[in-house]
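Q: Sharing protein.cif here; it has mmCIF, C-alpha atoms and all ligand atoms.
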data_upload
#
loop_
_atom_site.label_atom_id
_atom_site.label_comp_id
_atom_site.auth_asym_id
_atom_site.auth_seq_id
_atom_site.Cartn_x
_atom_site.Cartn_y
_atom_site.Cartn_z
CA MET W 14 6.54 33.67 70.82
CA ALA W 15 4.00 34.25 73.61
CA GLY W 16 1.20 31.64 73.46
CA ALA W 17 1.09 28.10 72.06
CA GLY W 18 -2.41 28.21 70.63
CA PRO W 19 -2.91 27.42 66.94
CA VAL W 20 -1.48 30.79 65.84
CA GLY W 21 1.62 30.70 68.06
CA CYS W 22 2.39 27.08 67.18
CA VAL W 23 2.01 27.52 63.40
CA THR W 24 4.00 30.78 63.34
CA ALA W 25 6.77 29.18 65.39
CA LEU W 26 6.83 26.16 63.08
CA TYR W 27 7.21 28.35 59.99
CA LEU W 28 10.19 30.12 61.61
CA ALA W 29 11.76 26.91 62.92
CA ARG W 30 11.45 25.19 59.52
CA ARG W 31 13.64 27.98 58.13
CA GLY W 32 16.26 27.63 60.84
CA ILE W 33 15.25 30.70 62.89
CA PRO W 34 15.70 30.08 66.63
CA VAL W 35 12.38 30.40 68.50
CA THR W 36 11.42 30.42 72.16
CA VAL W 37 7.75 29.63 72.79
CA VAL W 38 6.27 30.43 76.20
CA GLU W 39 2.87 29.01 77.09
CA ALA W 40 1.06 29.89 80.32
CA ALA W 41 -0.76 26.54 80.57
CA ARG W 42 0.89 23.31 81.77
CA ASP W 43 0.05 21.52 78.52
CA PHE W 44 -1.63 22.21 75.17
CA GLN W 45 -5.11 23.62 75.79
CA GLU W 46 -7.88 21.14 75.01
CA ASP W 47 -10.54 23.79 74.59
CA LEU W 48 -13.47 23.25 72.26
CA ARG W 49 -13.40 26.30 70.11
CA ALA W 50 -12.39 26.23 66.44
CA SER W 51 -13.28 23.12 64.48
CA THR W 52 -13.09 24.22 60.82
CA PHE W 53 -9.97 24.54 58.70
CA HIS W 54 -10.57 26.39 55.42
CA PRO W 55 -8.86 25.39 52.13
CA PRO W 56 -6.07 28.03 52.06
CA THR W 57 -5.20 27.26 55.68
CA LEU W 58 -4.87 23.60 54.71
CA ASP W 59 -2.53 24.64 51.87
CA MET W 60 -0.37 26.52 54.39
CA LEU W 61 -0.33 23.58 56.80
CA ASP W 62 0.60 21.35 53.85
CA ASP W 63 3.61 23.58 53.11
CA LEU W 64 4.63 23.11 56.75
CA GLY W 65 4.36 19.32 56.42
CA VAL W 66 1.55 18.82 58.97
CA VAL W 67 -1.68 18.76 56.96
CA GLN W 68 -1.80 15.00 56.48
CA MET W 69 -1.55 14.46 60.24
CA LEU W 70 -4.44 16.89 60.77
CA ILE W 71 -6.57 15.32 58.03
CA GLY W 72 -5.82 11.92 59.57
CA GLU W 73 -7.45 13.12 62.81
CA GLY W 74 -10.30 15.03 61.19
CA ILE W 75 -13.23 14.77 58.78
CA ILE W 76 -13.01 15.96 55.18
CA CYS W 77 -16.03 18.12 54.43
CA PRO W 78 -16.50 18.85 50.69
CA VAL W 79 -19.98 20.38 51.11
CA TRP W 80 -21.47 22.67 53.76
CA GLN W 81 -24.98 24.08 54.03
CA HIS W 82 -27.27 26.93 54.78
CA ARG W 83 -30.54 25.58 56.13
CA ASP W 84 -33.74 26.96 57.57
CA THR W 85 -35.69 25.34 60.40
CA ARG W 86 -38.87 25.28 58.28
CA GLU W 87 -37.58 24.81 54.74
CA GLY W 88 -34.66 22.44 55.30
CA VAL W 89 -31.74 22.90 52.90
CA VAL W 90 -31.50 26.43 51.45
CA ALA W 91 -28.08 26.11 49.80
CA ASN W 92 -25.51 23.34 49.43
CA TRP W 93 -22.03 24.82 49.05
CA ASP W 94 -19.83 22.44 47.11
CA LEU W 95 -16.18 23.39 47.64
CA GLY W 96 -15.23 21.33 44.57
CA VAL W 97 -15.66 24.53 42.51
CA LEU W 98 -12.43 25.76 44.17
CA ARG W 99 -10.31 23.02 42.59
CA ASP W 100 -8.30 25.61 40.60
CA ASP W 101 -7.89 27.88 43.63
CA THR W 102 -6.51 25.46 46.20
CA ARG W 103 -4.89 22.05 46.60
CA HIS W 104 -7.53 21.28 49.26
CA PRO W 105 -11.03 22.03 47.87
CA TYR W 106 -12.78 21.08 51.13
CA ARG W 107 -12.99 22.08 54.78
CA VAL W 108 -11.45 19.83 57.41
CA GLN W 109 -13.38 19.40 60.62
CA ALA W 110 -11.03 18.84 63.55
CA GLU W 111 -10.82 20.59 66.90
CA GLN W 112 -8.08 23.20 67.18
CA PHE W 113 -6.39 21.27 69.98
CA ARG W 114 -5.56 18.53 67.46
CA LEU W 115 -3.55 21.06 65.45
CA THR W 116 -1.74 22.50 68.47
CA ARG W 117 -0.83 19.02 69.69
CA ILE W 118 0.43 17.97 66.25
CA VAL W 119 2.40 21.15 65.58
CA GLY W 120 3.59 21.51 69.17
CA ASN W 121 4.97 17.97 69.19
CA VAL W 122 6.79 18.54 65.88
CA LEU W 123 8.19 21.83 67.21
CA ARG W 124 9.45 20.40 70.47
CA GLY W 125 11.67 17.94 68.62
CA MET W 126 13.27 20.58 66.40
CA PRO W 127 16.72 22.10 66.84
CA GLY W 128 16.70 25.77 67.82
CA VAL W 129 13.27 25.55 69.49
CA ASP W 130 12.97 26.26 73.22
CA PHE W 131 9.40 25.32 74.24
CA ARG W 132 8.32 26.26 77.76
CA PHE W 133 4.99 25.34 79.32
CA ALA W 134 3.79 26.89 82.62
CA THR W 135 5.54 30.11 81.64
CA ARG W 136 3.35 33.19 81.61
CA ALA W 137 4.39 36.32 79.71
CA SER W 138 3.65 39.35 81.86
CA GLY W 139 5.34 42.33 80.25
CA VAL W 140 7.83 43.47 77.69
CA GLU W 141 10.62 46.04 77.29
CA GLN W 142 12.35 46.84 74.05
CA ASP W 143 15.38 48.71 72.77
CA ALA W 144 17.10 49.21 69.43
CA ASP W 145 18.45 45.63 69.32
CA GLY W 146 15.72 43.46 70.74
CA VAL W 147 12.97 42.64 73.20
CA THR W 148 13.10 41.55 76.84
CA LEU W 149 10.08 39.45 77.79
CA HIS W 150 9.18 39.19 81.46
CA VAL W 151 7.79 35.77 82.34
CA GLU W 152 6.45 34.13 85.50
CA THR W 153 7.12 30.46 86.23
CA ALA W 154 6.71 28.16 89.23
CA ASN W 155 10.32 29.01 90.14
CA GLY W 156 9.80 32.76 90.02
CA ARG W 157 10.27 35.50 87.47
CA GLU W 158 12.64 35.40 84.53
CA ARG W 159 13.64 37.61 81.62
CA LEU W 160 14.01 36.22 78.12
CA ARG W 161 15.76 38.08 75.34
CA GLY W 162 15.06 37.91 71.61
CA ARG W 163 15.12 40.09 68.51
CA TYR W 164 11.34 40.16 68.07
CA LEU W 165 8.26 39.06 70.03
CA VAL W 166 5.12 37.66 68.46
CA ALA W 167 2.19 38.08 70.86
CA ALA W 168 -0.08 35.12 70.11
CA ASP W 169 -1.38 35.06 73.65
CA GLY W 170 -5.06 35.13 72.78
CA ALA W 171 -7.98 37.53 73.17
CA SER W 172 -7.00 38.68 76.69
CA SER W 173 -3.40 39.23 75.55
CA ALA W 174 -1.25 40.44 78.45
CA ILE W 175 1.26 41.74 75.91
CA ARG W 176 -1.32 43.81 74.01
CA LYS W 177 -2.56 45.27 77.30
CA SER W 178 0.95 46.00 78.59
CA LEU W 179 1.66 47.94 75.38
CA GLY W 180 -1.54 49.96 75.77
CA ILE W 181 -2.86 48.93 72.34
CA GLU W 182 -6.57 49.62 72.10
CA PHE W 183 -8.95 46.71 71.40
CA ALA W 184 -12.12 48.53 70.44
CA GLY W 185 -15.34 46.87 69.36
CA LEU W 186 -18.36 45.22 70.91
CA THR W 187 -19.34 42.30 73.11
CA PHE W 188 -22.71 40.68 72.38
CA PRO W 189 -25.04 40.86 75.39
CA GLU W 190 -25.95 37.16 75.20
CA LEU W 191 -23.58 34.26 75.88
CA TRP W 192 -23.21 31.58 73.20
CA LEU W 193 -23.17 27.91 74.01
CA VAL W 194 -21.40 24.93 72.47
CA VAL W 195 -22.76 21.48 73.34
CA SER W 196 -21.15 18.24 72.12
CA THR W 197 -22.91 14.90 71.88
CA PRO W 198 -22.24 11.57 70.17
CA HIS W 199 -25.89 11.63 69.03
CA ASP W 200 -26.06 11.49 65.22
CA PHE W 201 -28.16 14.51 64.19
CA ALA W 202 -27.97 13.36 60.55
CA ARG W 203 -30.60 10.73 61.47
CA HIS W 204 -33.17 13.49 61.98
CA PHE W 205 -32.30 16.08 59.32
CA GLU W 206 -32.52 15.12 55.68
CA ARG W 207 -29.22 15.44 53.75
CA LEU W 208 -27.47 17.11 56.71
CA ALA W 209 -23.91 18.20 55.84
CA PRO W 210 -21.15 18.09 58.51
CA ILE W 211 -21.40 21.90 58.77
CA ALA W 212 -24.86 23.47 58.65
CA TYR W 213 -25.87 27.04 59.55
CA VAL W 214 -29.57 26.83 60.42
CA ALA W 215 -31.59 30.05 60.20
CA ASP W 216 -34.61 30.74 62.36
CA PRO W 217 -36.12 34.08 63.42
CA ASP W 218 -36.25 32.99 67.07
CA ASN W 219 -33.95 30.02 67.47
CA TRP W 220 -31.05 29.89 64.99
CA PHE W 221 -28.24 27.39 65.57
CA VAL W 222 -25.27 25.68 63.93
CA PHE W 223 -24.52 21.96 63.51
CA VAL W 224 -20.86 21.04 63.30
CA ARG W 225 -19.54 17.51 63.09
CA VAL W 226 -16.13 16.70 64.58
CA PRO W 227 -14.56 13.24 64.93
CA GLY W 228 -16.92 11.10 67.04
CA LEU W 229 -19.20 13.99 68.03
CA TRP W 230 -21.70 16.52 66.79
CA ARG W 231 -21.50 20.02 68.18
CA LEU W 232 -24.46 22.33 68.48
CA LEU W 233 -23.75 26.08 68.74
CA PHE W 234 -26.52 28.49 69.72
CA PRO W 235 -27.00 31.76 71.58
CA THR W 236 -28.50 31.90 75.05
CA ARG W 237 -31.53 34.05 75.69
CA ALA W 238 -31.67 37.41 77.46
CA GLY W 239 -31.46 36.82 81.19
CA ASP W 240 -29.79 33.38 80.94
CA THR W 241 -26.70 33.19 83.13
CA ALA W 242 -23.63 31.07 82.33
CA GLU W 243 -24.31 28.86 85.39
CA ARG W 244 -27.98 28.31 84.59
CA ILE W 245 -27.60 27.59 80.88
CA VAL W 246 -25.10 24.76 81.38
CA GLU W 247 -27.28 22.98 83.99
CA GLU W 248 -28.13 19.48 82.78
CA GLU W 249 -31.93 19.84 82.73
CA VAL W 250 -31.85 23.28 81.10
CA LEU W 251 -29.49 22.01 78.41
CA GLN W 252 -31.52 18.86 77.78
CA ALA W 253 -34.60 21.02 77.20
CA ARG W 254 -32.73 23.39 74.87
CA VAL W 255 -31.30 20.59 72.72
CA GLN W 256 -34.79 19.08 72.42
CA GLU W 257 -35.94 22.40 70.94
CA TYR W 258 -33.45 21.99 68.08
CA CYS W 259 -33.83 18.26 67.58
CA PRO W 260 -36.77 16.71 69.45
CA THR W 261 -36.13 13.04 70.14
CA GLY W 262 -38.02 12.60 73.43
CA ALA W 263 -34.94 10.79 74.78
CA ARG W 264 -32.12 12.21 76.90
CA TYR W 265 -29.01 13.32 75.07
CA GLU W 266 -25.58 12.19 76.16
CA ILE W 267 -23.83 15.54 76.56
CA VAL W 268 -20.07 15.18 76.55
CA HIS W 269 -19.01 18.84 76.67
CA ARG W 270 -20.77 22.11 77.31
CA THR W 271 -19.19 25.56 77.27
CA ALA W 272 -20.71 29.04 77.44
CA TYR W 273 -18.74 31.83 75.72
CA ALA W 274 -18.91 35.60 75.65
CA VAL W 275 -18.64 36.60 71.99
CA HIS W 276 -16.94 39.79 70.79
CA GLN W 277 -16.14 41.70 67.61
CA ARG W 278 -12.88 43.61 68.20
CA VAL W 279 -9.72 44.57 66.30
CA ALA W 280 -6.49 45.97 67.81
CA SER W 281 -5.71 49.57 66.85
CA SER W 282 -2.27 48.45 65.67
CA TYR W 283 -0.68 45.03 65.05
CA ARG W 284 2.81 46.42 65.70
CA LYS W 285 4.58 48.31 68.43
CA GLY W 286 8.28 48.42 67.67
CA ARG W 287 9.61 44.86 67.80
CA VAL W 288 6.38 43.38 69.16
CA LEU W 289 3.81 42.04 66.69
CA LEU W 290 0.27 40.89 67.48
CA ALA W 291 -1.20 37.88 65.66
CA GLY W 292 -4.41 35.85 65.99
CA ASP W 293 -6.92 36.51 68.75
CA SER W 294 -4.59 39.00 70.44
CA ALA W 295 -5.10 41.15 67.32
CA HIS W 296 -8.73 40.43 66.38
CA ILE W 297 -11.75 38.50 67.60
CA ASN W 298 -15.10 37.85 65.96
CA ASN W 299 -18.13 35.62 66.27
CA PRO W 300 -17.53 32.01 65.19
CA LEU W 301 -20.12 32.01 62.33
CA GLY W 302 -18.03 31.21 59.27
CA GLY W 303 -15.02 29.81 61.12
CA MET W 304 -12.73 32.77 60.46
CA GLY W 305 -11.01 33.51 63.78
CA MET W 306 -8.37 30.80 63.95
CA ASN W 307 -8.03 30.58 60.17
CA GLY W 308 -7.47 34.34 59.91
CA GLY W 309 -5.01 34.13 62.81
CA ILE W 310 -3.01 31.42 61.05
CA HIS W 311 -2.99 33.61 57.92
CA ASP W 312 -1.59 36.47 60.07
CA GLY W 313 1.07 34.16 61.48
CA ILE W 314 2.29 32.95 58.09
CA ASN W 315 2.32 36.49 56.65
CA LEU W 316 4.29 37.74 59.64
CA ALA W 317 6.70 34.80 59.73
CA GLU W 318 7.58 35.30 56.03
CA LYS W 319 8.60 38.88 56.83
CA LEU W 320 10.55 37.95 59.97
CA VAL W 321 12.50 35.37 57.95
CA ALA W 322 13.36 37.98 55.29
CA ILE W 323 14.53 40.45 57.97
CA TRP W 324 16.50 37.75 59.84
CA ARG W 325 18.33 36.79 56.65
CA GLY W 326 19.07 40.42 55.79
CA GLU W 327 16.84 40.20 52.71
CA GLY W 328 14.25 42.68 53.96
CA GLU W 329 14.05 45.90 55.97
CA ASP W 330 12.30 46.53 59.28
CA GLY W 331 9.58 48.42 57.36
CA LEU W 332 8.27 45.04 56.23
CA LEU W 333 6.68 44.74 59.66
CA ASP W 334 4.62 47.88 59.02
CA ARG W 335 3.49 46.14 55.85
CA TYR W 336 2.30 43.21 57.97
CA ASP W 337 0.00 45.63 59.81
CA ARG W 338 -1.07 47.30 56.54
CA GLN W 339 -1.88 43.96 54.94
CA ARG W 340 -3.58 42.08 57.75
CA ARG W 341 -5.50 44.74 59.77
CA PRO W 342 -7.82 45.76 56.91
CA ILE W 343 -8.68 42.10 56.31
CA ALA W 344 -9.77 41.73 59.94
CA VAL W 345 -11.73 45.01 59.89
CA GLU W 346 -13.25 45.02 56.42
CA VAL W 347 -13.49 41.33 55.54
CA VAL W 348 -13.73 39.16 58.66
CA GLN W 349 -15.72 41.51 60.90
CA THR W 350 -18.14 42.30 58.07
CA ALA W 351 -18.58 38.67 56.98
CA THR W 352 -19.16 37.31 60.48
CA LEU W 353 -21.71 40.03 61.32
CA ARG W 354 -23.46 39.36 58.00
CA ASN W 355 -23.54 35.62 58.76
CA LYS W 356 -25.20 36.33 62.10
CA ALA W 357 -27.72 38.74 60.54
CA LEU W 358 -28.67 36.09 57.96
CA LEU W 359 -29.33 33.40 60.56
CA GLU W 360 -31.44 35.61 62.81
CA GLU W 361 -33.34 37.61 60.13
CA ARG W 362 -36.88 38.14 61.41
CA ASP W 363 -38.46 40.04 58.50
CA PRO W 364 -40.13 37.37 56.30
CA ALA W 365 -39.63 39.35 53.07
CA LYS W 366 -35.94 39.91 53.74
CA ARG W 367 -35.48 36.26 54.71
CA ARG W 368 -37.07 35.16 51.48
CA GLU W 369 -34.91 37.55 49.47
CA LYS W 370 -31.69 36.45 51.20
CA PHE W 371 -32.51 32.77 50.79
CA ASP W 372 -33.38 33.24 47.11
CA VAL W 373 -30.00 34.88 46.52
CA LEU W 374 -28.17 32.05 48.32
CA ARG W 375 -30.08 29.42 46.31
CA ARG W 376 -29.37 31.08 42.98
CA VAL W 377 -25.68 31.68 43.75
CA SER W 378 -25.09 28.15 45.04
CA GLU W 379 -26.64 26.65 41.89
CA ASP W 380 -24.48 28.69 39.48
CA PRO W 381 -20.91 27.30 39.51
CA ARG W 382 -19.28 30.60 38.51
CA ARG W 383 -21.08 32.64 41.18
CA ALA W 384 -20.71 29.83 43.72
CA ARG W 385 -16.96 29.93 43.14
CA ASP W 386 -16.85 33.69 43.84
CA TYR W 387 -18.94 33.19 46.98
CA LEU W 388 -16.80 30.31 48.23
CA ARG W 389 -13.53 32.12 47.47
CA GLN W 390 -14.77 34.78 49.91
CA SER W 391 -16.20 32.49 52.58
CA SER W 392 -13.06 30.31 52.42
CA MET W 393 -10.89 33.43 52.95
CA ILE W 394 -9.04 33.10 49.61
CA THR W 395 -10.17 36.55 48.43
CA GLY W 396 -8.98 38.12 51.70
CA LEU W 397 -5.53 36.57 51.32
CA GLU W 398 -5.26 37.79 47.72
CA ARG W 399 -6.38 41.26 48.75
CA ALA W 400 -3.77 41.37 51.54
CA ALA W 401 -1.03 40.18 49.17
CA ALA W 402 -1.83 43.05 46.80
CA ILE W 403 -1.23 45.69 49.53
CA THR W 404 2.29 47.11 49.33
C1 LIG A 501 -17.29 28.49 70.12
C2 LIG A 501 -16.17 28.90 69.21
C3 LIG A 501 -16.04 28.29 67.98
C4 LIG A 501 -15.02 28.69 67.10
N1 LIG A 501 -14.92 28.09 65.89
C5 LIG A 501 -13.97 28.51 65.02
C6 LIG A 501 -13.79 27.85 63.77
O1 LIG A 501 -14.47 26.87 63.45
N2 LIG A 501 -12.83 28.31 62.93
C7 LIG A 501 -12.02 29.37 63.28
O2 LIG A 501 -11.18 29.76 62.46
N3 LIG A 501 -12.11 29.96 64.49
C8 LIG A 501 -13.06 29.56 65.38
N4 LIG A 501 -13.12 30.12 66.61
C9 LIG A 501 -12.11 31.11 67.03
C10 LIG A 501 -10.80 30.41 67.45
O3 LIG A 501 -11.05 29.54 68.52
C11 LIG A 501 -9.74 31.44 67.83
O4 LIG A 501 -9.69 32.43 66.83
C12 LIG A 501 -8.37 30.78 68.00
O5 LIG A 501 -8.32 29.99 69.16
C13 LIG A 501 -7.26 31.84 68.06
O6 LIG A 501 -6.02 31.21 68.23
P1 LIG A 501 -4.83 31.96 68.98
O7 LIG A 501 -3.68 31.03 68.92
O8 LIG A 501 -4.70 33.34 68.46
O9 LIG A 501 -5.35 32.15 70.47
P2 LIG A 501 -5.72 31.04 71.56
O10 LIG A 501 -6.24 29.83 70.93
O11 LIG A 501 -6.54 31.74 72.58
O12 LIG A 501 -4.30 30.65 72.18
C14 LIG A 501 -3.60 31.55 73.03
C15 LIG A 501 -2.62 30.73 73.85
O13 LIG A 501 -1.85 31.64 74.63
C16 LIG A 501 -1.78 31.17 75.97
N5 LIG A 501 -1.61 32.37 76.80
C17 LIG A 501 -2.54 33.26 77.20
N6 LIG A 501 -1.99 34.22 77.92
C18 LIG A 501 -0.65 33.94 77.98
C19 LIG A 501 0.46 34.59 78.58
N7 LIG A 501 0.32 35.74 79.26
N8 LIG A 501 1.68 34.02 78.43
C20 LIG A 501 1.85 32.86 77.74
N9 LIG A 501 0.82 32.20 77.17
C21 LIG A 501 -0.41 32.75 77.27
C22 LIG A 501 -3.09 30.44 76.19
O14 LIG A 501 -2.96 29.50 77.25
C23 LIG A 501 -3.30 29.79 74.84
O15 LIG A 501 -2.68 28.51 74.76
C24 LIG A 501 -14.12 29.73 67.50
C25 LIG A 501 -14.25 30.33 68.76
C26 LIG A 501 -15.27 29.93 69.61
C27 LIG A 501 -15.39 30.60 70.95
#
Could I get this structure in the form of structure tokens?

A:
Amino acid sequence: MAGAGPVGCVTALYLARRGIPVTVVEAARDFQEDLRASTFHPPTLDMLDDLGVVQMLIGEGIICPVWQHRDTREGVVANWDLGVLRDDTRHPYRVQAEQFRLTRIVGNVLRGMPGVDFRFATRASGVEQDADGVTLHVETANGRERLRGRYLVAADGASSAIRKSLGIEFAGLTFPELWLVVSTPHDFARHFERLAPIAYVADPDNWFVFVRVPGLWRLLFPTRAGDTAERIVEEEVLQARVQEYCPTGARYEIVHRTAYAVHQRVASSYRKGRVLLAGDSAHINNPLGGMGMNGGIHDGINLAEKLVAIWRGEGEDGLLDRYDRQRRPIAVEVVQTATLRNKALLEERDPAKRREKFDVLRRVSEDPRRARDYLRQSSMITGLERAAAIT
């Protein structure tokens, strides 16, 4: 396993729970504490439950049974009550917790398990393969090493060295503007009526997202043309921007600030011989809808099931082509489409189209049967069912 992000850790745990020996190499010296994903969707919680770690994650997070679409002028447009999914999942809610909480929990479980060799400060740099296995080239403080295994899962993130070394194309687009995440202990719910812990707030000029995580609120918004990463994170510039979204007249305590380039890309193949891509090394998308990490974990579980079958002699190598057949179309046709649609909704400038889109959301959210269909899609249940139906 290359990479101990959420996807590498969860995939490794699935394999280790079934007695498959796993070596995990992670370039960083410790688990990354980056502030990226914060939402775990219901089917992902079911998977983490099967792996015995969901209660630990819930214990560190916030249960979120309702999320919202809002508009800066109209307030709440739609309340999405995940309770309508009670027959679809054991966890009819989203859990708000930063992704580093999951990697720490899973990583610590993994490191105590027999058959797991967990190596920090070990950077994968290249790979060779033959009929029997894979040789992974790694760089450590003590020099270069070669590690041997039957298969390699490349969960080494969006800039995947493994994907690049295999020459797998990563076509798509990068948005011209950077996006910013700002965290503050300030309670935005004091200023916005009936604010849910996750709220996508539409505005033709200034859309943004509110996300609550334990002890903090996060505000996600795009920078404007011409803003540079250095300028936008300057204290005074940030203070002014946050006042635009929630004017208080008082200074905000800003605990974290990060500017991100945002992309929409999918690898041309998830498999090259004995090397399999999963998570951000295989696909990246904008964070509107919280589908990147969740989809990556769904890849990891799908792939791990197949590796277990092959390891035990219960499945053929062709199963790994099925992994690509099942998971790539979900990234291309479901996740890329949904995240682009989410962005288009928030930034819609045409008043007639905005009205029409909001009316649809209102009507759907108020009809339990249609709300269930909508939430099965936004919670990624439909995508998992569609993948499972692909032979
Ligand atoms: C602002 C923002 C908000 C987001 N919110 C959400 C959300 O709410 N829900 C959601 O589902 N997704 C969200 N995402 C996306 C999510 O963060 C990613 O999809 C997720 O981190 C992917 O996990 P991963 O394990 O594939 O990759 P990563 O998290 O990038 O982990 C890769 C790991 O590999 C290591 N690594 C890199 N190169 C090497 C190497 N050569 N050798 C060894 N190790 C290496 C890295 O150090 C890292 O630990 C968000 C993203 C952003 C930017």

Q: Compare W:Asp363, W:Asp334, W:Asp312, W:Asp59 by their minimum atom-to-atom distance to Gly396 in chain W, counting all atoms listed in the file, and give me the closest one.

A: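 For Gly396 in chain W, the nearest of the given residues is W:Asp312.
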
Q: Please define a box with edges along x, y and z of the file around all atoms of ligand LIG 501 (chain A) given in the file, extend it by 5 Å on each side, and return its centre and edge lengths in Å to one decimal, as lines of an AutoDock Vina configuration file.

A:
center_x = -7.7
center_y = 31.3
center_z = 70.9
size_x = 29.1
size_y = 18.9
size_z = 26.8

Q: Which of these residues is nearest to Val194 in chain W, using all atoms listed in the file: W:Tyr387, W:Tyr265, W:Tyr273, W:Tyr164?

A: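 Under the stated criterion, the closest residue is W:Tyr273.
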
Q: May I have the residues within 10 Å of His311 in chain W as a ChimeraX atom specification, using all atoms listed in the file and disregarding those fewer than 2 positions away in the same chain?

A: /W:20,23-24,56-57,60,291-292,305-309,313-317,340,393,396-397

Q: Of the candidates W:Val90, W:Ala212, W:Leu95, W:Ala295, which one gets nearest to ligand LIG 501 (chain A) if we count only C-alpha atoms and all ligand atoms?

A: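 Going through W:Val90, W:Ala212, W:Leu95, W:Ala295 one by one, the smallest distance to ligand LIG 501 (chain A) is for W:Ala295.
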
Q: Can you measure CA of Trp80 in chain W to CA of Glu111 in chain W for me? One decimal in Å is fine.

A: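 Computed distance, CA of Trp80 in chain W to CA of Glu111 in chain W, equals 17.0 Å.
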
Q: Name the residues in contact with Arg117 in chain W at a cut-off of 12 Å, using only C-alpha atoms, excluding same-chain residues fewer than 6 positions from it; report them as a ChimeraX atom specification.

A: /W:17-19,22-23,43-47,66,69-70,73,110-111,123-124

Q: List the residues sitting within 9 Å of (-19.2, 29.5, 57.7) in the file's frame, using all atoms listed in the file, as a PyMOL selection string.

A: chain W and resi 52+80-82+211-213+300-304+352+355+391-392

Q: Using all atoms listed in the file, which residue out of W:Ala209, W:Leu26, W:Ala253, W:Val37 lies closest to Gly65 in chain W?

A: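 Answer, going by the shortest atom-to-atom distance: W:Leu26.
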
Q: One number please: CA of Ser378 in chain W to CA of Gln390 in chain W, in Å, one decimal.

A: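 One can read the CA of Ser378 in chain W to CA of Gln390 in chain W distance as 13.2 Å.
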
Q: Any idea what the distance is between CA of Leu160 in chain W and CA of Asp293 in chain W?

A: 22.9 Å

Q: What's around Leu149 in chain W at 7 Å? Count all atoms listed in the file, leave out sequence neighbours fewer than 3 positions away in its own chain, and write the answer as a JSON list (two decimals) with C-alpha atoms, in the coordinates of the input.

A:
[["chain", "number", "residue", "atom", "x", "y", "z"],
["W", 137, "ALA", "CA", 4.39, 36.32, 79.71],
["W", 139, "GLY", "CA", 5.34, 42.33, 80.25],
["W", 140, "VAL", "CA", 7.83, 43.47, 77.69],
["W", 141, "GLU", "CA", 10.62, 46.04, 77.29],
["W", 159, "ARG", "CA", 13.64, 37.61, 81.62],
["W", 160, "LEU", "CA", 14.01, 36.22, 78.12],
["W", 161, "ARG", "CA", 15.76, 38.08, 75.34]]

Q: Go through W:Ser178, W:Asp240, W:Leu191, W:Gly328 one by one, measure the shortest atom-to-atom distance of each to Ala272 in chain W using only C-alpha atoms, and give the residue with the smallest value.

A: W:Leu191

Q: Which residue, W:Arg278, W:His199, W:Arg31, W:Arg42, has the smallest gap to ligand LIG 501 (chain A) when you use all atoms listed in the file?

A: W:Arg42

Q: Find the spatial neighbours of range 103-107 of chain W, counting all atoms listed in the file, within a cut-off of 6 Å - ignore same-chain residues fewer than 2 positions away - and output them as an mmCIF file with C-alpha atoms, in the frame of the given file.

A:
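Writing done, so here's around_3.cif:
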data_model
loop_
_atom_site.group_PDB
_atom_site.id
_atom_site.type_symbol
_atom_site.label_atom_id
_atom_site.label_comp_id
_atom_site.auth_asym_id
_atom_site.auth_seq_id
_atom_site.Cartn_x
_atom_site.Cartn_y
_atom_site.Cartn_z
ATOM 1 C CA PHE W 53 -9.970 24.540 58.700
ATOM 2 C CA HIS W 54 -10.570 26.390 55.420
ATOM 3 C CA PRO W 55 -8.860 25.390 52.130
ATOM 4 C CA CYS W 77 -16.030 18.120 54.430
ATOM 5 C CA PRO W 78 -16.500 18.850 50.690
ATOM 6 C CA LEU W 95 -16.180 23.390 47.640
ATOM 7 C CA GLY W 96 -15.230 21.330 44.570
ATOM 8 C CA LEU W 98 -12.430 25.760 44.170
ATOM 9 C CA ARG W 99 -10.310 23.020 42.590
#

Q: Could you give me, as a ChimeraX atom specification, the residues that have an atom at most 10 Å away from the point (2.8, 49.1, 67.5) in the coordinates of the file, using all atoms listed in the file?

A: /W:176,179-181,280-290,333-334,337

Q: Residues at most 8 Å from range 14-16 of chain W, counting all atoms listed in the file, excluding those fewer than 4 positions away in the same chain, as a PDB file with C-alpha atoms, keeping the file's coordinate frame?

A:
ATOM      1  CA  GLY W  21       1.620  30.700  68.060  1.00  0.00           C
ATOM      2  CA  CYS W  22       2.390  27.080  67.180  1.00  0.00           C
ATOM      3  CA  ALA W  25       6.770  29.180  65.390  1.00  0.00           C
ATOM      4  CA  VAL W  35      12.380  30.400  68.500  1.00  0.00           C
ATOM      5  CA  THR W  36      11.420  30.420  72.160  1.00  0.00           C
ATOM      6  CA  VAL W  37       7.750  29.630  72.790  1.00  0.00           C
ATOM      7  CA  VAL W  38       6.270  30.430  76.200  1.00  0.00           C
ATOM      8  CA  GLU W  39       2.870  29.010  77.090  1.00  0.00           C
ATOM      9  CA  ALA W  40       1.060  29.890  80.320  1.00  0.00           C
ATOM     10  CA  ALA W 137       4.390  36.320  79.710  1.00  0.00           C
ATOM     11  CA  LEU W 165       8.260  39.060  70.030  1.00  0.00           C
ATOM     12  CA  VAL W 166       5.120  37.660  68.460  1.00  0.00           C
ATOM     13  CA  ALA W 167       2.190  38.080  70.860  1.00  0.00           C
ATOM     14  CA  ALA W 168      -0.080  35.120  70.110  1.00  0.00           C
ATOM     15  CA  ASP W 169      -1.380  35.060  73.650  1.00  0.00           C
ATOM     16  CA  GLY W 170      -5.060  35.130  72.780  1.00  0.00           C
TER      17      GLY W 170
END
